[in-house]
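Participant: Input file: run-v9.csv. Contents: CSV, C-alpha atoms and all ligand atoms.
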chain,number,residue,atom,x,y,z
A,67,MET,CA,16.8,3.5,-8.0
A,68,VAL,CA,13.8,2.8,-5.7
A,69,ILE,CA,10.2,1.9,-6.2
A,70,ASP,CA,7.7,3.9,-4.2
A,71,THR,CA,5.0,1.3,-3.8
A,72,HIS,CA,2.3,3.5,-2.2
A,73,THR,CA,1.6,7.1,-3.3
A,74,HIS,CA,-1.5,9.2,-3.5
A,75,ILE,CA,-0.5,11.7,-6.1
A,76,ASN,CA,-4.2,11.2,-7.1
A,77,ASP,CA,-5.1,13.1,-3.9
A,78,PRO,CA,-6.4,16.6,-4.4
A,79,VAL,CA,-3.3,18.0,-2.5
A,80,LEU,CA,-0.9,16.5,-5.1
A,81,PHE,CA,-3.0,15.8,-8.2
A,82,LYS,CA,-2.5,19.3,-9.7
A,83,ASP,CA,1.3,18.7,-9.5
A,84,ALA,CA,1.2,15.1,-10.6
A,85,ASP,CA,2.8,15.6,-14.0
A,86,SER,CA,5.7,17.6,-12.6
A,87,ILE,CA,6.2,15.0,-9.7
A,88,ILE,CA,6.3,12.2,-12.3
A,89,SER,CA,8.7,14.1,-14.6
A,90,SER,CA,11.2,14.5,-11.8
A,91,LEU,CA,11.1,10.8,-10.6
A,92,HIS,CA,14.3,9.9,-12.5
A,93,GLU,CA,16.3,12.7,-10.9
A,94,ASP,CA,14.8,11.8,-7.5
A,95,ASN,CA,16.3,8.3,-8.0
A,96,ILE,CA,12.9,6.6,-8.3
A,97,SER,CA,12.3,4.1,-11.0
A,98,ARG,CA,8.6,3.4,-10.5
A,99,ILE,CA,5.7,4.6,-8.4
A,100,VAL,CA,2.4,3.0,-7.6
A,101,VAL,CA,-0.6,5.4,-7.4
A,102,VAL,CA,-3.1,3.9,-5.0
A,103,GLY,CA,-6.8,4.6,-5.2
A,104,TYR,CA,-9.1,4.8,-2.2
A,105,ASP,CA,-12.5,5.6,-3.9
A,106,ARG,CA,-13.9,5.8,-7.4
A,107,LEU,CA,-12.4,9.2,-8.4
A,108,SER,CA,-9.0,8.5,-7.0
A,109,SER,CA,-8.9,5.1,-8.6
A,110,GLU,CA,-9.9,6.6,-11.9
A,111,ARG,CA,-7.1,9.3,-11.6
A,112,ALA,CA,-4.6,6.5,-10.7
A,113,VAL,CA,-5.4,4.6,-13.9
A,114,LEU,CA,-5.3,7.9,-15.9
A,115,LEU,CA,-1.8,8.7,-14.7
A,116,ALA,CA,-0.6,5.1,-15.1
A,117,GLU,CA,-1.8,4.9,-18.7
A,118,LYS,CA,-0.1,8.2,-19.5
A,119,HIS,CA,3.3,7.5,-17.9
A,120,PRO,CA,5.4,4.4,-18.3
A,121,THR,CA,6.9,4.9,-14.8
A,122,VAL,CA,3.5,5.0,-13.1
A,123,PHE,CA,1.3,2.0,-12.1
A,124,ALA,CA,-2.1,2.0,-10.5
A,125,ALA,CA,-4.0,0.2,-7.7
A,126,VAL,CA,-7.8,0.6,-7.5
A,127,GLY,CA,-10.3,0.0,-4.7
A,128,ILE,CA,-12.4,1.5,-1.9
A,129,HIS,CA,-10.7,2.4,1.4
A,130,PRO,CA,-12.5,1.3,4.6
A,131,HIS,CA,-13.3,5.0,5.3
A,132,SER,CA,-15.7,4.9,2.3
A,133,ALA,CA,-16.9,1.4,2.8
A,134,SER,CA,-20.4,2.5,3.7
A,135,VAL,CA,-21.0,4.0,0.2
A,136,PHE,CA,-19.8,0.9,-1.6
A,137,CYS,CA,-22.6,-0.6,-3.7
A,138,GLU,CA,-23.0,-3.4,-6.2
A,139,ALA,CA,-22.4,-1.0,-9.1
A,140,ASP,CA,-18.9,-0.3,-7.6
A,141,TYR,CA,-18.0,-3.9,-7.9
A,142,VAL,CA,-18.7,-3.8,-11.7
A,143,TYR,CA,-17.0,-0.4,-11.9
A,144,PHE,CA,-13.8,-1.5,-10.3
A,145,SER,CA,-13.8,-4.8,-12.3
A,146,ASN,CA,-13.9,-2.7,-15.4
A,147,ILE,CA,-11.2,-0.2,-14.6
A,148,ALA,CA,-9.0,-2.9,-13.1
A,149,MET,CA,-8.8,-4.5,-16.6
A,150,SER,CA,-6.3,-1.8,-17.6
A,151,LEU,CA,-2.8,-3.3,-18.2
A,152,ASP,CA,-1.4,-0.6,-15.8
A,153,VAL,CA,-3.5,-1.7,-12.8
A,154,ILE,CA,-1.2,-4.0,-10.8
A,155,ALA,CA,-3.2,-4.5,-7.6
A,156,ILE,CA,-6.5,-4.0,-5.8
A,157,GLY,CA,-6.1,-1.4,-3.0
A,158,GLU,CA,-6.0,0.2,-0.8
A,159,ILE,CA,-8.7,-1.9,1.0
A,160,GLY,CA,-9.0,-3.1,4.6
A,161,LEU,CA,-10.2,-2.2,8.0
A,162,ASP,CA,-9.8,1.1,10.0
A,163,TYR,CA,-11.2,0.9,13.5
A,164,PHE,CA,-9.2,4.0,14.5
A,165,HIS,CA,-11.1,6.5,12.5
A,166,ASN,CA,-14.1,4.1,12.2
A,167,LEU,CA,-15.8,6.2,9.5
A,168,SER,CA,-17.8,3.2,8.3
A,169,PRO,CA,-19.6,0.6,10.6
A,170,LYS,CA,-17.3,-2.4,11.3
A,171,ASP,CA,-19.6,-5.0,9.7
A,172,ILE,CA,-19.7,-3.0,6.5
A,173,GLN,CA,-16.0,-2.5,6.5
A,174,LYS,CA,-15.5,-6.3,6.8
A,175,ARG,CA,-18.0,-7.1,4.0
A,176,VAL,CA,-16.6,-4.5,1.6
A,177,PHE,CA,-13.1,-5.7,2.3
A,178,VAL,CA,-14.0,-9.4,1.6
A,179,GLU,CA,-15.9,-8.4,-1.6
A,180,GLN,CA,-12.8,-6.7,-2.9
A,181,LEU,CA,-10.6,-9.7,-1.9
A,182,ILE,CA,-12.9,-11.7,-4.2
A,183,LEU,CA,-12.5,-9.1,-6.9
A,184,ALA,CA,-8.7,-9.3,-6.7
A,185,ASP,CA,-8.8,-13.1,-6.9
A,186,THR,CA,-11.1,-13.0,-9.9
A,187,LEU,CA,-8.7,-10.5,-11.7
A,188,LYS,CA,-5.6,-12.4,-10.4
A,189,LEU,CA,-4.2,-9.3,-8.8
A,190,PRO,CA,-2.3,-8.9,-5.5
A,191,ILE,CA,-3.8,-6.8,-2.7
A,192,ILE,CA,-2.7,-3.6,-0.9
A,193,ILE,CA,-4.1,-3.7,2.6
A,194,HIS,CA,-4.7,-0.8,5.1
A,195,SER,CA,-5.2,-2.0,8.6
A,196,ARG,CA,-5.4,0.2,11.7
A,197,ASP,CA,-6.5,-0.8,15.2
A,198,ALA,CA,-8.1,-3.9,13.7
A,199,ASP,CA,-5.3,-6.6,14.2
A,200,TYR,CA,-7.5,-9.4,15.4
A,201,ASP,CA,-10.3,-9.0,12.8
A,202,MET,CA,-7.8,-8.5,10.0
A,203,LEU,CA,-5.9,-11.7,10.8
A,204,SER,CA,-9.1,-13.7,11.1
A,205,LEU,CA,-10.6,-12.3,7.9
A,206,LEU,CA,-7.4,-13.1,6.0
A,207,LYS,CA,-7.4,-16.6,7.4
A,208,ASP,CA,-11.1,-17.2,6.6
A,209,ASN,CA,-10.6,-15.9,3.1
A,210,ARG,CA,-7.2,-17.4,2.3
A,211,HIS,CA,-8.5,-19.0,-0.9
A,212,TYR,CA,-8.8,-15.5,-2.4
A,213,LEU,CA,-5.2,-14.5,-1.5
A,214,ASN,CA,-3.3,-16.6,-4.0
A,215,GLN,CA,-1.7,-13.5,-5.7
A,216,GLY,CA,-0.2,-12.3,-2.4
A,217,PHE,CA,-0.7,-9.1,-0.4
A,218,VAL,CA,1.1,-6.3,1.4
A,219,LEU,CA,0.3,-4.7,4.7
A,220,HIS,CA,1.0,-1.1,3.9
A,221,CYS,CA,2.5,1.3,6.5
A,222,PHE,CA,3.0,-1.6,8.8
A,223,SER,CA,2.7,-0.3,12.3
A,224,GLN,CA,2.0,-3.5,14.3
A,225,THR,CA,4.4,-5.7,16.3
A,226,LEU,CA,7.0,-8.3,15.1
A,227,GLU,CA,4.9,-10.9,16.9
A,228,TYR,CA,1.9,-10.0,14.7
A,229,ALA,CA,4.0,-10.0,11.6
A,230,ASN,CA,5.3,-13.4,12.4
A,231,LYS,CA,1.8,-14.7,12.9
A,232,ILE,CA,0.9,-13.5,9.4
A,233,ILE,CA,4.1,-14.9,7.9
A,234,SER,CA,3.5,-18.3,9.4
A,235,ALA,CA,-0.1,-18.3,7.9
A,236,PHE,CA,0.7,-17.0,4.4
A,237,ASP,CA,3.4,-17.5,1.9
A,238,SER,CA,3.1,-14.4,-0.1
A,239,VAL,CA,2.8,-11.5,2.5
A,240,TYR,CA,4.9,-8.3,2.4
A,241,PHE,CA,5.3,-5.5,4.8
A,242,SER,CA,5.7,-1.9,3.6
A,243,PHE,CA,7.4,0.8,5.6
A,244,GLY,CA,7.2,4.6,5.1
A,245,GLY,CA,7.8,7.8,6.9
A,246,LEU,CA,6.5,6.5,10.2
A,247,ILE,CA,9.8,4.6,10.8
A,248,THR,CA,11.7,7.9,10.9
A,249,PHE,CA,9.5,9.3,13.7
A,250,LYS,CA,11.4,9.5,17.0
A,251,ASN,CA,9.1,7.2,19.1
A,252,ALA,CA,8.2,4.8,16.3
A,253,CYS,CA,10.6,2.1,17.5
A,254,LYS,CA,10.3,0.0,14.3
A,255,GLU,CA,14.0,-1.1,14.3
A,256,GLU,CA,13.3,-4.4,16.0
A,257,ILE,CA,10.5,-5.2,13.5
A,258,ILE,CA,12.6,-4.4,10.5
A,259,ARG,CA,15.5,-6.3,11.8
A,260,GLY,CA,13.3,-9.3,12.6
A,261,LEU,CA,11.5,-9.6,9.3
A,262,PRO,CA,12.9,-11.8,6.4
A,263,LEU,CA,14.6,-9.5,3.9
A,264,ASP,CA,12.5,-10.8,1.1
A,265,ARG,CA,9.3,-9.4,2.7
A,266,LEU,CA,10.3,-5.7,2.8
A,267,LEU,CA,8.8,-2.9,0.7
A,268,VAL,CA,9.2,0.8,0.9
A,269,GLU,CA,6.6,3.6,0.3
A,270,THR,CA,5.9,7.2,1.1
A,271,ASP,CA,2.1,7.2,1.3
A,272,CYS,CA,2.4,10.8,0.1
A,273,PRO,CA,0.9,13.4,0.8
A,274,TYR,CA,0.7,11.8,4.3
A,275,MET,CA,3.3,10.3,6.6
A,276,THR,CA,6.0,12.8,5.8
A,277,PRO,CA,9.4,11.6,7.1
A,278,VAL,CA,11.6,13.5,9.5
A,279,PRO,CA,12.9,16.2,9.0
A,280,HIS,CA,10.0,17.3,6.9
A,281,ARG,CA,7.3,16.0,9.3
A,282,GLY,CA,4.2,18.2,9.4
A,283,LYS,CA,4.7,19.3,5.8
A,284,THR,CA,3.3,17.7,2.5
A,285,ASN,CA,5.0,14.4,1.6
A,286,TYR,CA,6.3,13.7,-1.9
A,287,PRO,CA,7.7,10.6,-3.6
A,288,LYS,CA,11.2,12.2,-3.5
A,289,PHE,CA,11.2,11.7,0.3
A,290,ILE,CA,11.4,8.0,-0.1
A,291,SER,CA,15.2,8.5,0.1
A,292,LEU,CA,14.8,9.3,3.8
A,293,VAL,CA,12.9,6.0,4.4
A,294,VAL,CA,15.6,4.1,2.5
A,295,GLU,CA,18.3,5.8,4.5
A,296,LYS,CA,16.6,4.9,7.8
A,297,ILE,CA,16.3,1.2,6.8
A,298,LYS,CA,20.0,1.3,5.7
A,299,LYS,CA,20.9,2.3,9.3
A,300,ILE,CA,19.0,-0.6,10.7
A,301,LEU,CA,20.2,-3.1,8.1
A,302,PRO,CA,23.7,-1.8,7.0
A,303,ASP,CA,24.6,-5.0,5.1
A,304,ALA,CA,21.6,-5.0,2.7
A,305,ASP,CA,21.2,-3.2,-0.6
A,306,ILE,CA,17.8,-1.8,0.4
A,307,ALA,CA,17.0,-0.2,-3.0
A,308,GLU,CA,17.8,-3.3,-4.9
A,309,LEU,CA,16.2,-5.6,-2.4
A,310,THR,CA,12.9,-3.7,-2.2
A,311,THR,CA,12.8,-3.3,-6.0
A,312,GLN,CA,13.0,-7.1,-6.4
A,313,ASN,CA,10.4,-7.7,-3.7
A,314,ALA,CA,8.0,-5.2,-5.3
A,315,LYS,CA,8.4,-6.9,-8.7
A,316,THR,CA,7.8,-10.3,-7.1
A,317,LEU,CA,4.6,-9.2,-5.5
A,318,PHE,CA,3.3,-6.9,-8.2
A,319,LYS,CA,3.9,-9.1,-11.2
A,320,LYS,CA,2.5,-6.6,-13.7
A,321,LEU,CA,5.0,-4.0,-12.5
A,322,VAL,CA,7.7,-4.0,-15.2
A,401,NI,NI,-2.5,5.1,1.5
Can the structure in the file be given as structure tokens, please?
Ligand code: NI

Facilitator:
Amino acid sequence: MVIDTHTHINDPVLFKDADSIISSLHEDNISRIVVVGYDRLSSERAVLLAEKHPTVFAAVGIHPHSASVFCEADYVYFSNIAMSLDVIAIGEIGLDYFHNLSPKDIQKRVFVEQLILADTLKLPIIIHSRDADYDMLSLLKDNRHYLNQGFVLHCFSQTLEYANKIISAFDSVYFSFGGLITFKNACKEEIIRGLPLDRLLVETDCPYMTPVPHRGKTNYPKFISLVVEKIKKILPDADIAELTTQNAKTLFKKLV
């Protein structure tokens, strides 16, 4: 059994099918999923699903795409919904200079405000970082006192050198891999082989990042098996399902 640590079945594409997706998790060999919020509505839906289903857990927060609409009231709002026993992390939050849908300075401020929120609530953090390597590392270093509960860089797409820089600066950092690693030109083998085994997590990021051979279609938690298979080929001696389950439970302490 595997834990899919990053899903968006709260996304409009999947939300209508959320109950049926959840009911087939067991037969898809998935023990738990984390439903990750990216704005108010999606976070609210994540909590709703998590409170209804014992196999589902929630993360709440505002994605950098929506950082420009973040206001003081949101801080209070997220503090409140994050009190739910089923909320295991703050996320996904971070920096996205690829799409750049919010000004960079606002993205940074909103990211740091949510790091503070996570620390106040004693929750780990799910980080989205795209084309923002330098700023992300320096923000994490500058705010390391808010990172005591650990964090994961989801859909890790940077280099092994960058991963090692983060590992040497932080004790509790994890790297999550999804469908991207199955893409022909992704070349993630060296990174996965180079990372300590106790830092690895798996995810689908569904409905996005659909693994080969379904690339281009909607992604579902059940396709996590393709991600696990790919990692098994890279690390044939490791029990990837068991290993990533233990790692997920170490980072997300409320995930039981
Ligand atoms: Ni995501």

Participant: Would you name the residues within 12 Å of ligand NI 401 (chain A), counting only C-alpha atoms and all ligand atoms, and put them as an NGL selection string?

Facilitator: :A and (70-77 or 100-105 or 108-109 or 125-131 or 157-160 or 162 or 192-196 or 218-222 or 242-245 or 269-275 or 285)

Participant: Where does region 105-200 of chain A meet region 87-99 of chain A within 10 Å, residue by residue, with the nearest atom pair and distance in Å to one decimal for each, counting all atoms listed in the file, listed by chain and rising number, as CSV?

Facilitator:
residue,atom,partner,partner_atom,distance
A:Leu115,CA,A:Ile88,CA,9.1
A:Ala116,CA,A:Ile99,CA,9.2
A:His119,CA,A:Ile88,CA,7.9
A:Pro120,CA,A:Arg98,CA,8.5
A:Thr121,CA,A:Arg98,CA,4.9
A:Val122,CA,A:Ile99,CA,5.2
A:Phe123,CA,A:Ile99,CA,6.3
A:Ala124,CA,A:Ile99,CA,8.5

Participant: When you count all atoms listed in the file, which of these residues is closest to Pro190 (chain A): A:Phe144, A:Val239, A:Asp208, A:Lys288?

Facilitator: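 Answer, going by the shortest atom-to-atom distance: A:Val239.
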
Participant: Give as an NGL selection string the set of residues within 9 Å of the point (14.6, -5.6, 2.8), where distances use the file's coordinates and only C-alpha atoms.

Facilitator: :A and (258 or 261-268 or 297 or 301 or 304-310 or 313)

Participant: Nearest to Asp171 (chain A): which of A:Ser134, A:Thr186, A:Asn251, A:Ser204 is it, counting all atoms listed in the file?

Facilitator: A:Ser134

Participant: To one decimal in Å, tell me the separation between CA of Ile300 (chain A) and CA of Glu255 (chain A).

Facilitator: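 CA of Glu255 (chain A) lies 6.2 Å from CA of Ile300 (chain A).
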
Participant: If I put a ball of radius 10 Å at (14.4, 9.4, 3.5) in the file's coordinates, which residues poke into it when counting only C-alpha atoms, written as a VMD selection string?

Facilitator: chain A and resid 244 to 245 247 to 248 270 276 to 280 287 to 297

Participant: Which is closest to Asp152 (chain A) among A:Val322, A:Val135, A:Leu107, A:Ala84, if we use all atoms listed in the file?

Facilitator: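 Residue with the minimum atom-to-atom distance to Asp152 (chain A): A:Val322.
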
Participant: Using all atoms listed in the file, which of the listed residues (A:Arg106, A:Arg111, A:Lys315, A:Lys118) sits closest to Tyr240 (chain A)?

Facilitator: A:Lys315
